[in-house]
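Content type mmCIF, C-alpha atoms (C1' of nucleotides), from the file target_22.cif:
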```cif
data_my_file
#
loop_
_atom_site.group_PDB
_atom_site.id
_atom_site.type_symbol
_atom_site.label_atom_id
_atom_site.label_comp_id
_atom_site.auth_asym_id
_atom_site.auth_seq_id
_atom_site.Cartn_x
_atom_site.Cartn_y
_atom_site.Cartn_z
ATOM 1 C CA MET T 1 0.000 0.000 0.000
ATOM 2 C CA PRO T 2 2.759 2.370 -0.461
ATOM 3 C CA GLU T 3 2.640 6.013 -1.536
ATOM 4 C CA GLY T 4 2.166 8.980 0.794
ATOM 5 C CA PRO T 5 -1.653 8.749 0.871
ATOM 6 C CA GLU T 6 -1.649 5.076 1.820
ATOM 7 C CA LEU T 7 0.913 5.666 4.565
ATOM 8 C CA HIS T 8 -1.164 8.555 5.858
ATOM 9 C CA LEU T 9 -4.332 6.447 5.734
ATOM 10 C CA ALA T 10 -2.450 3.724 7.607
ATOM 11 C CA SER T 11 -1.698 6.146 10.438
ATOM 12 C CA LEU T 12 -5.372 7.179 10.565
ATOM 13 C CA TYR T 13 -6.364 3.506 10.615
ATOM 14 C CA VAL T 14 -4.069 2.704 13.544
ATOM 15 C CA ASN T 15 -5.269 5.696 15.550
ATOM 16 C CA LYS T 16 -8.916 4.866 14.911
ATOM 17 C CA MET T 17 -8.711 1.131 15.537
ATOM 18 C CA CYS T 18 -6.384 1.333 18.548
ATOM 19 C CA GLN T 19 -8.194 4.154 20.293
ATOM 20 C CA GLY T 20 -9.207 2.827 23.688
ATOM 21 C CA LEU T 21 -7.382 -0.462 23.185
ATOM 22 C CA ILE T 22 -4.815 -1.580 25.717
ATOM 23 C CA PHE T 23 -1.928 -3.676 24.498
ATOM 24 C CA THR T 24 0.112 -6.029 26.606
ATOM 25 C CA GLY T 25 3.188 -8.218 26.663
ATOM 26 C CA ALA T 26 5.928 -8.441 24.092
ATOM 27 C CA VAL T 27 6.001 -7.245 20.482
ATOM 28 C CA ARG T 28 6.363 -10.383 18.384
ATOM 29 C CA LYS T 29 8.031 -10.908 15.041
ATOM 30 C CA SER T 30 7.238 -13.598 12.500
ATOM 31 C CA GLU T 31 9.647 -16.523 12.191
ATOM 32 C CA VAL T 32 10.653 -15.601 8.665
ATOM 33 C CA SER T 33 11.251 -11.882 9.059
ATOM 34 C CA LYS T 34 14.842 -10.683 8.815
ATOM 35 C CA ALA T 35 13.960 -7.270 10.248
ATOM 36 C CA PRO T 36 15.181 -6.338 13.731
ATOM 37 C CA ASP T 37 13.557 -7.604 16.926
ATOM 38 C CA VAL T 38 11.593 -5.011 18.856
ATOM 39 C CA PRO T 39 12.807 -5.113 22.450
ATOM 40 C CA PHE T 40 9.629 -3.840 24.085
ATOM 41 C CA THR T 41 7.532 -5.557 26.753
ATOM 42 C CA CYS T 42 4.916 -3.868 28.896
ATOM 43 C CA GLU T 43 1.994 -4.910 31.071
ATOM 44 C CA ALA T 44 -0.287 -2.220 29.616
ATOM 45 C CA TYR T 45 0.442 0.212 26.813
ATOM 46 C CA ARG T 46 -1.285 2.213 24.114
ATOM 47 C CA ILE T 47 -0.447 2.609 20.428
ATOM 48 C CA THR T 48 -0.675 5.776 18.343
ATOM 49 C CA ALA T 49 0.616 6.523 14.861
ATOM 50 C CA ALA T 50 1.818 9.412 12.723
ATOM 51 C CA SER T 51 2.910 9.557 9.091
ATOM 52 C CA ARG T 52 5.543 11.576 7.264
ATOM 53 C CA GLY T 53 5.845 11.017 3.516
ATOM 54 C CA LYS T 54 6.491 7.335 2.960
ATOM 55 C CA GLU T 55 7.099 6.517 6.626
ATOM 56 C CA VAL T 56 4.801 5.711 9.555
ATOM 57 C CA LYS T 57 5.867 6.035 13.163
ATOM 58 C CA LEU T 58 4.147 3.989 15.862
ATOM 59 C CA THR T 59 4.456 5.217 19.429
ATOM 60 C CA LEU T 60 4.067 2.643 22.208
ATOM 61 C CA THR T 61 3.161 4.424 25.440
ATOM 62 C CA PRO T 62 3.148 2.580 28.796
ATOM 63 C CA MET T 63 0.050 3.430 30.835
ATOM 64 C CA LYS T 64 1.694 3.574 34.231
ATOM 65 C CA SER T 65 5.186 4.774 34.790
ATOM 66 C CA GLN T 66 6.776 1.788 36.443
ATOM 67 C CA GLY T 67 10.098 2.234 34.748
ATOM 68 C CA ASP T 68 8.747 1.274 31.333
ATOM 69 C CA GLN T 69 9.901 3.701 28.677
ATOM 70 C CA PRO T 70 7.847 4.651 25.614
ATOM 71 C CA MET T 71 9.150 3.466 22.282
ATOM 72 C CA ASP T 72 8.867 4.745 18.719
ATOM 73 C CA ILE T 73 9.094 2.383 15.753
ATOM 74 C CA VAL T 74 9.498 3.843 12.263
ATOM 75 C CA PHE T 75 8.130 1.772 9.361
ATOM 76 C CA ARG T 76 8.648 1.922 5.632
ATOM 77 C CA PHE T 77 6.157 -0.087 3.606
ATOM 78 C CA GLY T 78 8.142 -1.223 0.588
ATOM 79 C CA MET T 79 5.765 -2.329 -2.159
ATOM 80 C CA SER T 80 3.183 -4.118 -0.050
ATOM 81 C CA GLY T 81 3.132 -3.063 3.605
ATOM 82 C CA TYR T 82 0.011 -2.201 5.619
ATOM 83 C CA PHE T 83 -1.420 -2.362 9.144
ATOM 84 C CA ARG T 84 -4.371 -4.504 10.102
ATOM 85 C CA LEU T 85 -6.202 -5.184 13.351
ATOM 86 C CA THR T 86 -7.668 -8.706 13.520
ATOM 87 C CA THR T 87 -8.444 -11.460 15.950
ATOM 88 C CA GLU T 88 -5.622 -13.837 16.684
ATOM 89 C CA ASP T 89 -7.048 -16.617 14.526
ATOM 90 C CA GLU T 90 -7.485 -14.314 11.548
ATOM 91 C CA LEU T 91 -3.899 -13.153 11.363
ATOM 92 C CA PRO T 92 -3.195 -12.161 7.763
ATOM 93 C CA LYS T 93 -0.641 -14.093 5.789
ATOM 94 C CA HIS T 94 2.730 -12.281 5.927
ATOM 95 C CA SER T 95 1.959 -10.632 9.264
ATOM 96 C CA HIS T 96 5.555 -9.856 10.239
ATOM 97 C CA LEU T 97 5.252 -7.749 13.385
ATOM 98 C CA ARG T 98 2.452 -8.094 15.966
ATOM 99 C CA PHE T 99 1.107 -6.145 18.919
ATOM 100 C CA TYR T 100 -1.335 -7.996 21.248
ATOM 101 C CA SER T 101 -4.304 -6.428 23.006
ATOM 102 C CA ASN T 102 -5.271 -7.398 26.562
ATOM 103 C CA GLU T 103 -8.759 -8.491 25.485
ATOM 104 C CA GLU T 104 -10.026 -12.022 25.825
ATOM 105 C CA PRO T 105 -9.880 -13.244 23.158
ATOM 106 C CA CYS T 106 -7.181 -10.817 22.156
ATOM 107 C CA ARG T 107 -6.885 -8.809 18.994
ATOM 108 C CA VAL T 108 -3.655 -8.226 17.153
ATOM 109 C CA LEU T 109 -2.333 -5.192 15.315
ATOM 110 C CA SER T 110 -0.177 -6.606 12.509
ATOM 111 C CA PHE T 111 2.334 -5.044 10.186
ATOM 112 C CA VAL T 112 1.611 -7.085 7.066
ATOM 113 C CA ASP T 113 4.053 -7.117 4.155
ATOM 114 C CA THR T 114 3.612 -9.689 1.392
ATOM 115 C CA ARG T 115 6.835 -8.957 -0.425
ATOM 116 C CA SER T 116 8.939 -8.075 2.619
ATOM 117 C CA PHE T 117 10.476 -5.003 1.013
ATOM 118 C CA GLY T 118 9.250 -2.989 3.977
ATOM 119 C CA SER T 119 11.281 -2.387 7.108
ATOM 120 C CA TRP T 120 11.062 -1.087 10.639
ATOM 121 C CA GLN T 121 13.487 0.450 13.080
ATOM 122 C CA PRO T 122 12.834 0.191 16.829
ATOM 123 C CA GLY T 123 13.723 3.378 18.645
ATOM 124 C CA GLY T 124 13.729 4.926 15.225
ATOM 125 C CA THR T 125 13.372 8.483 14.049
ATOM 126 C CA TRP T 126 12.276 9.796 10.649
ATOM 127 C CA GLN T 127 14.913 8.943 8.076
ATOM 128 C CA PRO T 128 17.090 12.082 7.881
ATOM 129 C CA SER T 129 17.678 11.734 4.143
ATOM 130 C CA ARG T 130 13.962 12.204 3.478
ATOM 131 C CA GLY T 131 12.455 15.658 3.115
ATOM 132 C CA PRO T 132 9.272 17.150 4.600
ATOM 133 C CA CYS T 133 5.993 15.342 3.913
ATOM 134 C CA VAL T 134 4.078 16.594 0.876
ATOM 135 C CA ILE T 135 0.817 15.921 2.737
ATOM 136 C CA THR T 136 1.419 17.080 6.307
ATOM 137 C CA GLU T 137 4.313 19.561 5.932
ATOM 138 C CA TYR T 138 3.435 21.378 2.739
ATOM 139 C CA LYS T 139 4.916 24.757 3.639
ATOM 140 C CA SER T 140 8.312 23.447 4.614
ATOM 141 C CA PHE T 141 8.275 20.977 1.699
ATOM 142 C CA ARG T 142 7.861 23.942 -0.611
ATOM 143 C CA SER T 143 10.455 26.188 0.998
ATOM 144 C CA VAL T 144 13.115 23.466 1.326
ATOM 145 C CA LEU T 145 12.699 22.681 -2.337
ATOM 146 C CA MET T 146 12.715 26.255 -3.615
ATOM 147 C CA ARG T 147 15.951 26.929 -1.733
ATOM 148 C CA ALA T 148 17.632 23.813 -3.132
ATOM 149 C CA LEU T 149 17.236 24.382 -6.851
ATOM 150 C CA SER T 150 20.980 24.636 -7.480
ATOM 151 C CA ASP T 151 21.301 20.989 -6.359
ATOM 152 C CA ARG T 152 22.453 18.761 -9.226
ATOM 153 C CA ALA T 153 19.524 16.498 -8.344
ATOM 154 C CA PHE T 154 17.355 18.880 -10.373
ATOM 155 C CA ASP T 155 19.375 18.334 -13.555
ATOM 156 C CA ARG T 156 17.283 15.200 -14.111
ATOM 157 C CA PRO T 157 13.919 14.778 -15.857
ATOM 158 C CA VAL T 158 11.050 16.019 -13.732
ATOM 159 C CA CYS T 159 9.379 12.589 -13.623
ATOM 160 C CA GLU T 160 12.492 11.111 -12.010
ATOM 161 C CA VAL T 161 13.008 13.984 -9.590
ATOM 162 C CA LEU T 162 9.421 13.574 -8.378
ATOM 163 C CA LEU T 163 10.451 10.175 -6.997
ATOM 164 C CA ASN T 164 13.447 11.640 -5.138
ATOM 165 C CA GLN T 165 12.369 11.311 -1.508
ATOM 166 C CA LYS T 166 14.899 13.885 -0.356
ATOM 167 C CA TYR T 167 12.628 16.517 -1.910
ATOM 168 C CA PHE T 168 9.320 14.762 -2.642
ATOM 169 C CA ASN T 169 8.729 12.578 0.411
ATOM 170 C CA GLY T 170 5.465 10.767 -0.269
ATOM 171 C CA ILE T 171 5.327 10.940 -4.067
ATOM 172 C CA GLY T 172 5.381 7.568 -5.829
ATOM 173 C CA ASN T 173 4.803 6.174 -9.274
ATOM 174 C CA TYR T 174 1.060 6.677 -9.635
ATOM 175 C CA LEU T 175 1.164 10.162 -8.056
ATOM 176 C CA ARG T 176 3.907 11.451 -10.375
ATOM 177 C CA ALA T 177 1.869 10.383 -13.387
ATOM 178 C CA GLU T 178 -1.332 11.985 -12.111
ATOM 179 C CA ILE T 179 0.386 15.236 -11.077
ATOM 180 C CA LEU T 180 2.267 15.769 -14.361
ATOM 181 C CA PHE T 181 -0.828 14.825 -16.347
ATOM 182 C CA ARG T 182 -2.971 17.456 -14.602
ATOM 183 C CA LEU T 183 -0.536 20.205 -15.605
ATOM 184 C CA ASN T 184 0.278 18.790 -19.031
ATOM 185 C CA ILE T 185 3.982 18.730 -18.157
ATOM 186 C CA PRO T 186 6.006 16.336 -20.349
ATOM 187 C CA PRO T 187 7.688 13.800 -18.027
ATOM 188 C CA PHE T 188 11.168 14.139 -19.515
ATOM 189 C CA VAL T 189 11.697 17.881 -19.301
ATOM 190 C CA CYS T 190 14.425 19.123 -16.987
ATOM 191 C CA ALA T 191 13.062 19.441 -13.444
ATOM 192 C CA ARG T 192 14.858 22.706 -12.743
ATOM 193 C CA SER T 193 13.310 24.402 -15.769
ATOM 194 C CA VAL T 194 9.854 23.565 -14.409
ATOM 195 C CA LEU T 195 10.642 24.538 -10.820
ATOM 196 C CA GLU T 196 12.723 27.696 -11.169
ATOM 197 C CA VAL T 197 9.792 29.699 -12.539
ATOM 198 C CA LEU T 198 7.693 28.935 -9.448
ATOM 199 C CA GLU T 199 7.280 31.274 -6.507
ATOM 200 C CA ALA T 200 8.881 30.494 -3.194
ATOM 201 C CA GLU T 201 5.781 31.490 -1.256
ATOM 202 C CA GLU T 202 2.342 30.058 -1.672
ATOM 203 C CA PHE T 203 0.026 32.594 -3.249
ATOM 204 C CA CYS T 204 -2.825 30.854 -5.048
ATOM 205 C CA GLU T 205 -5.333 30.912 -2.244
ATOM 206 C CA ASN T 206 -4.989 34.548 -1.264
ATOM 207 C CA LYS T 207 -4.339 36.452 -4.439
ATOM 208 C CA PRO T 208 -7.276 36.942 -6.760
ATOM 209 C CA LEU T 209 -6.679 36.029 -10.394
ATOM 210 C CA VAL T 210 -7.842 39.471 -11.450
ATOM 211 C CA LYS T 211 -4.827 41.147 -9.929
ATOM 212 C CA ALA T 212 -2.402 38.954 -11.813
ATOM 213 C CA GLU T 213 -4.214 39.719 -15.041
ATOM 214 C CA THR T 214 -4.181 43.469 -14.576
ATOM 215 C CA THR T 215 -0.501 43.651 -13.722
ATOM 216 C CA GLY T 216 0.359 41.950 -16.971
ATOM 217 C CA ARG T 217 4.022 41.327 -16.191
ATOM 218 C CA ASN T 218 3.000 38.569 -13.844
ATOM 219 C CA LYS T 219 3.875 35.133 -15.197
ATOM 220 C CA ARG T 220 1.575 33.458 -12.724
ATOM 221 C CA VAL T 221 -1.442 34.299 -14.788
ATOM 222 C CA GLY T 222 -3.975 31.928 -16.169
ATOM 223 C CA ILE T 223 -5.473 28.520 -15.766
ATOM 224 C CA LYS T 224 -2.414 27.128 -14.057
ATOM 225 C CA GLU T 225 -3.095 29.395 -11.159
ATOM 226 C CA GLU T 226 -6.592 28.059 -10.575
ATOM 227 C CA LYS T 227 -5.313 24.505 -10.270
ATOM 228 C CA GLY T 228 -2.079 25.390 -8.527
ATOM 229 C CA ASP T 229 1.445 24.843 -9.687
ATOM 230 C CA LEU T 230 3.499 21.636 -9.635
ATOM 231 C CA LEU T 231 4.434 21.915 -5.970
ATOM 232 C CA ARG T 232 0.913 22.690 -4.848
ATOM 233 C CA LEU T 233 -0.366 19.656 -6.763
ATOM 234 C CA CYS T 234 2.220 17.520 -4.961
ATOM 235 C CA HIS T 235 0.118 18.397 -1.895
ATOM 236 C CA THR T 236 -3.457 18.517 -3.197
ATOM 237 C CA VAL T 237 -3.388 15.444 -5.443
ATOM 238 C CA PRO T 238 -2.274 13.119 -2.584
ATOM 239 C CA LEU T 239 -4.926 14.766 -0.383
ATOM 240 C CA GLU T 240 -7.592 13.815 -2.924
ATOM 241 C CA VAL T 241 -6.522 10.192 -2.505
ATOM 242 C CA VAL T 242 -6.680 10.502 1.279
ATOM 243 C CA ASP T 243 -10.237 11.810 0.884
ATOM 244 C CA LEU T 244 -11.153 8.814 -1.276
ATOM 245 C CA GLY T 245 -10.294 6.721 1.773
ATOM 246 C CA GLY T 246 -8.441 3.941 0.013
ATOM 247 C CA THR T 247 -6.720 2.585 -3.074
ATOM 248 C CA PHE T 248 -5.686 -0.742 -4.590
ATOM 249 C CA TYR T 249 -2.734 -0.546 -2.300
ATOM 250 C CA ASP T 250 -4.716 -0.134 0.863
ATOM 251 C CA SER T 251 -6.058 -3.188 2.647
ATOM 252 C CA GLU T 252 -8.927 -1.526 4.447
ATOM 253 C CA LYS T 253 -11.258 -0.906 1.579
ATOM 254 C CA GLU T 254 -12.204 -3.790 -0.643
ATOM 255 C CA ASP T 255 -14.037 -1.637 -3.175
ATOM 256 C CA TYR T 256 -11.494 0.123 -5.366
ATOM 257 C CA SER T 257 -13.922 1.558 -7.895
ATOM 258 C CA ASP T 258 -13.542 5.107 -6.542
ATOM 259 C CA PHE T 259 -9.768 4.980 -6.897
ATOM 260 C CA LYS T 260 -10.001 3.390 -10.321
ATOM 261 C CA ALA T 261 -12.309 6.169 -11.459
ATOM 262 C CA TRP T 262 -10.028 8.764 -9.887
ATOM 263 C CA LEU T 263 -6.960 7.737 -11.915
ATOM 264 C CA GLN T 264 -6.736 9.866 -15.055
ATOM 265 C CA CYS T 265 -3.377 8.701 -16.403
ATOM 266 C CA TYR T 266 -1.625 5.916 -14.486
ATOM 267 C CA CYS T 267 -2.402 2.560 -16.167
ATOM 268 C CA VAL T 268 -5.251 4.226 -18.065
ATOM 269 C CA ASP T 269 -6.173 2.998 -21.558
ATOM 270 C CA GLY T 270 -4.973 5.336 -24.267
ATOM 271 C CA MET T 271 -2.136 6.826 -22.193
ATOM 272 C CA LYS T 272 1.492 6.289 -23.151
ATOM 273 C CA SER T 273 4.096 4.642 -20.983
ATOM 274 C CA ALA T 274 7.890 4.493 -21.063
ATOM 275 C CA ARG T 275 10.780 3.382 -18.901
ATOM 276 C CA ASP T 276 12.609 6.145 -17.064
ATOM 277 C CA HIS T 277 16.385 6.039 -16.455
ATOM 278 C CA ASN T 278 15.827 3.980 -13.320
ATOM 279 C CA GLY T 279 13.805 1.359 -15.162
ATOM 280 C CA ARG T 280 10.470 2.442 -13.731
ATOM 281 C CA THR T 281 7.407 2.794 -15.906
ATOM 282 C CA VAL T 282 6.197 6.345 -16.263
ATOM 283 C CA TRP T 283 2.694 7.038 -17.598
ATOM 284 C CA PHE T 284 1.933 10.206 -19.522
ATOM 285 C CA LYS T 285 0.012 11.787 -22.358
ATOM 286 C CA GLY T 286 1.466 13.450 -25.432
ATOM 287 C CA ASP T 287 5.058 14.611 -25.790
ATOM 288 C CA PRO T 288 7.571 12.683 -23.633
ATOM 289 C CA GLY T 289 9.961 15.654 -23.540
ATOM 290 C CA PRO T 290 13.595 16.191 -24.543
ATOM 291 C CA MET T 291 15.345 14.098 -21.864
ATOM 292 C CA ALA T 292 13.515 10.854 -22.684
ATOM 293 C CA PRO T 293 15.760 7.759 -22.807
ATOM 294 C CA LYS T 294 16.354 6.470 -26.317
ATOM 295 C CA GLY T 295 14.781 3.255 -27.515
ATOM 296 C "C1'" DC J 296 3.851 -24.843 -16.970
ATOM 297 C "C1'" DG J 297 6.443 -20.299 -17.962
ATOM 298 C "C1'" DT J 298 7.327 -15.083 -18.383
ATOM 299 C "C1'" DC J 299 6.334 -10.500 -17.131
ATOM 300 C "C1'" DC J 300 4.847 -7.051 -14.050
ATOM 301 C "C1'" DA J 301 3.885 -4.511 -9.640
ATOM 302 C "C1'" DC J 302 2.548 1.058 -5.073
ATOM 303 C "C1'" DG J 303 10.250 1.050 -3.339
ATOM 304 C "C1'" DT J 304 14.180 1.338 -1.724
ATOM 305 C "C1'" DC J 305 19.238 -0.394 -1.031
ATOM 306 C "C1'" DT J 306 24.337 -1.576 -1.899
ATOM 307 C "C1'" DA J 307 27.655 -2.928 -4.696
ATOM 308 C "C1'" DC J 308 30.421 -2.981 -9.134
ATOM 309 C "C1'" DT X 309 23.167 1.881 -13.812
ATOM 310 C "C1'" DA X 310 22.430 -2.744 -12.824
ATOM 311 C "C1'" DG X 311 21.065 -6.122 -9.707
ATOM 312 C "C1'" DA X 312 18.936 -7.638 -5.282
ATOM 313 C "C1'" DC X 313 15.382 -8.148 -2.285
ATOM 314 C "C1'" DC X 314 10.292 -10.919 -2.356
ATOM 315 C "C1'" DT X 315 5.366 -12.770 -3.381
ATOM 316 C "C1'" DG X 316 1.622 -13.404 -6.338
ATOM 317 C "C1'" DG X 317 -1.591 -12.105 -10.069
ATOM 318 C "C1'" DA X 318 -2.327 -11.843 -15.131
ATOM 319 C "C1'" DC X 319 -1.709 -13.870 -19.220
ATOM 320 C "C1'" DG X 320 0.441 -17.020 -22.925
ATOM 321 C "C1'" DG X 321 1.526 -21.799 -24.722
#
```
Could you express the structure from this file as structure tokens?
Amino acid sequence: MPEGPELHLASLYVNKMCQGLIFTGAVRKSEVSKAPDVPFTCEAYRITAASRGKEVKLTLTPMKSQGDQPMDIVFRFGMSGYFRLTTEDELPKHSHLRFYSNEEPCRVLSFVDTRSFGSWQPGGTWQPSRGPCVITEYKSFRSVLMRALSDRAFDRPVCEVLLNQKYFNGIGNYLRAEILFRLNIPPFVCARSVLEVLEAEEFCENKPLVKAETTGRNKRVGIKEEKGDLLRLCHTVPLEVVDLGGTFYDSEKEDYSDFKAWLQCYCVDGMKSARDHNGRTVWFKGDPGPMAPKG
DNA sequence: CGTCCACGTCTAC
DNA sequence: TAGACCTGGACGG
């Protein structure tokens, strides 16, 4: 379930399902998992979650201070991770890390990961190499990026830079396609050329279009401004997915028709696709742009 | 049966 | 810039 929206929905799911639940005992790992053990045991503790880009942090909080320390665990979801609360006899296949409630019979919060590309770090903090979250830290996402445009990272095609988690924490393969499609930006144009014309500060919501039109010299005029620019869409497009409440990549919802209907470009009939320089399929419409790989 | 493809990182040559 | 890391679904013979 793994782009920013799914990770964010996962944190909402954990907070909703674990509200009022009391967990107990040890955190248990599946036999097959190669990820680290989680050295946490407590008579009674609560679980809360937060997301940042493509990471989720669980916080385990002991209910009485009897020497037990709280613990954070930071998860990345790889291609197939998700959280699920079930009874003990309905544990999902590939449940690799488990937290047990004190109910009788107990319920179990599982980190499920079919392909095992996901990971967790006990006592972990947000990965320092990842930038601010496009969903929950929009302002700092935007300012960090606008101040970094001399970085050689922006010499690359915009479709590839959108997957660089140092600057676009939370954007993944379907989001990059949907975002570029909305603005009609060819995927293989140089990222810097798209970004350097943008404004450092957010303006769309406050400034009326009329003003931009009357001043004439303003390059922020026109239809683009109604929708927002590339950076704003890196925030609003993922938020649309959060509002849908689920995707193919989200275990909670079994009806994906809303998400299917929401996709305008990614895996859509009639759209083009190509391999980027990292071997990932990029979906787009029209001109691929000048930096497209040959062949 | 087989081959290809998938929402993402990682590290090694 | 490859591969490695994994499972499983779709589709072809």
Review point. Mind listing as a list of chain:residue names which residues of chain X are within 8 Å of chain T, counting all atoms listed in the file?
Key: X:DT309, X:DC313, X:DC314, X:DT315
Review point. Quick one: which residues end up in the PyMOL selection byres ((chain J) within 7 of (chain T)) for this structure, as a count of residues only?
Key: 3
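Atom CA of Phe141 of chain T sits 22.5 Å away from atom CA of Phe188 of chain T.
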Exercise for review: Could you list the residues chosen by the PyMOL selection byres ((chain X and resi 312) around 10) in this structure as a VMD selection string?
Suggested key: (chain J and resid 305 to 307) or (chain X and resid 310 to 311 313 to 314)
Point to revise | Picked residues, the PyMOL selection byres ((chain X and resi 319) around 9), as a ChimeraX atom specification | key: /J:299 /X:318,320
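Here atom CA of Thr87 of chain T and atom CA of Gln19 of chain T stand 16.2 Å from one another.
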Check your understanding: Using all atoms listed in the file, which of the listed residues (T:Glu104, T:Asp258, T:Glu201, T:Asp155) sits closest to Ser140 of chain T?
Key -> T:Glu201
Contacts of Arg192 of chain T at 7 Å (all atoms listed in the file; same-chain gap of 2+ positions) as a compact mmCIF listing (two decimals) with C-alpha atoms, in the coordinates of the input:
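Saved the output as part39.txt:
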```txt
# COMPACT_ATOMS: atom_id res chain seq x y z
CA LEU T 149 17.24 24.38 -6.85
CA PHE T 154 17.36 18.88 -10.37
CA ASP T 155 19.38 18.33 -13.56
CA CYS T 190 14.42 19.12 -16.99
CA VAL T 194 9.85 23.56 -14.41
CA LEU T 195 10.64 24.54 -10.82
CA GLU T 196 12.72 27.70 -11.17
```
Exercise for review: Would you list the contacts of Gln165 of chain T as number ranges by chain, taking every protein, DNA or RNA residue within 7 Å and counting only C-alpha atoms (C1' of nucleotides), but skipping same-chain residues closer than 2 positions in sequence?
Suggested key: T: 130-131, 163, 167-169
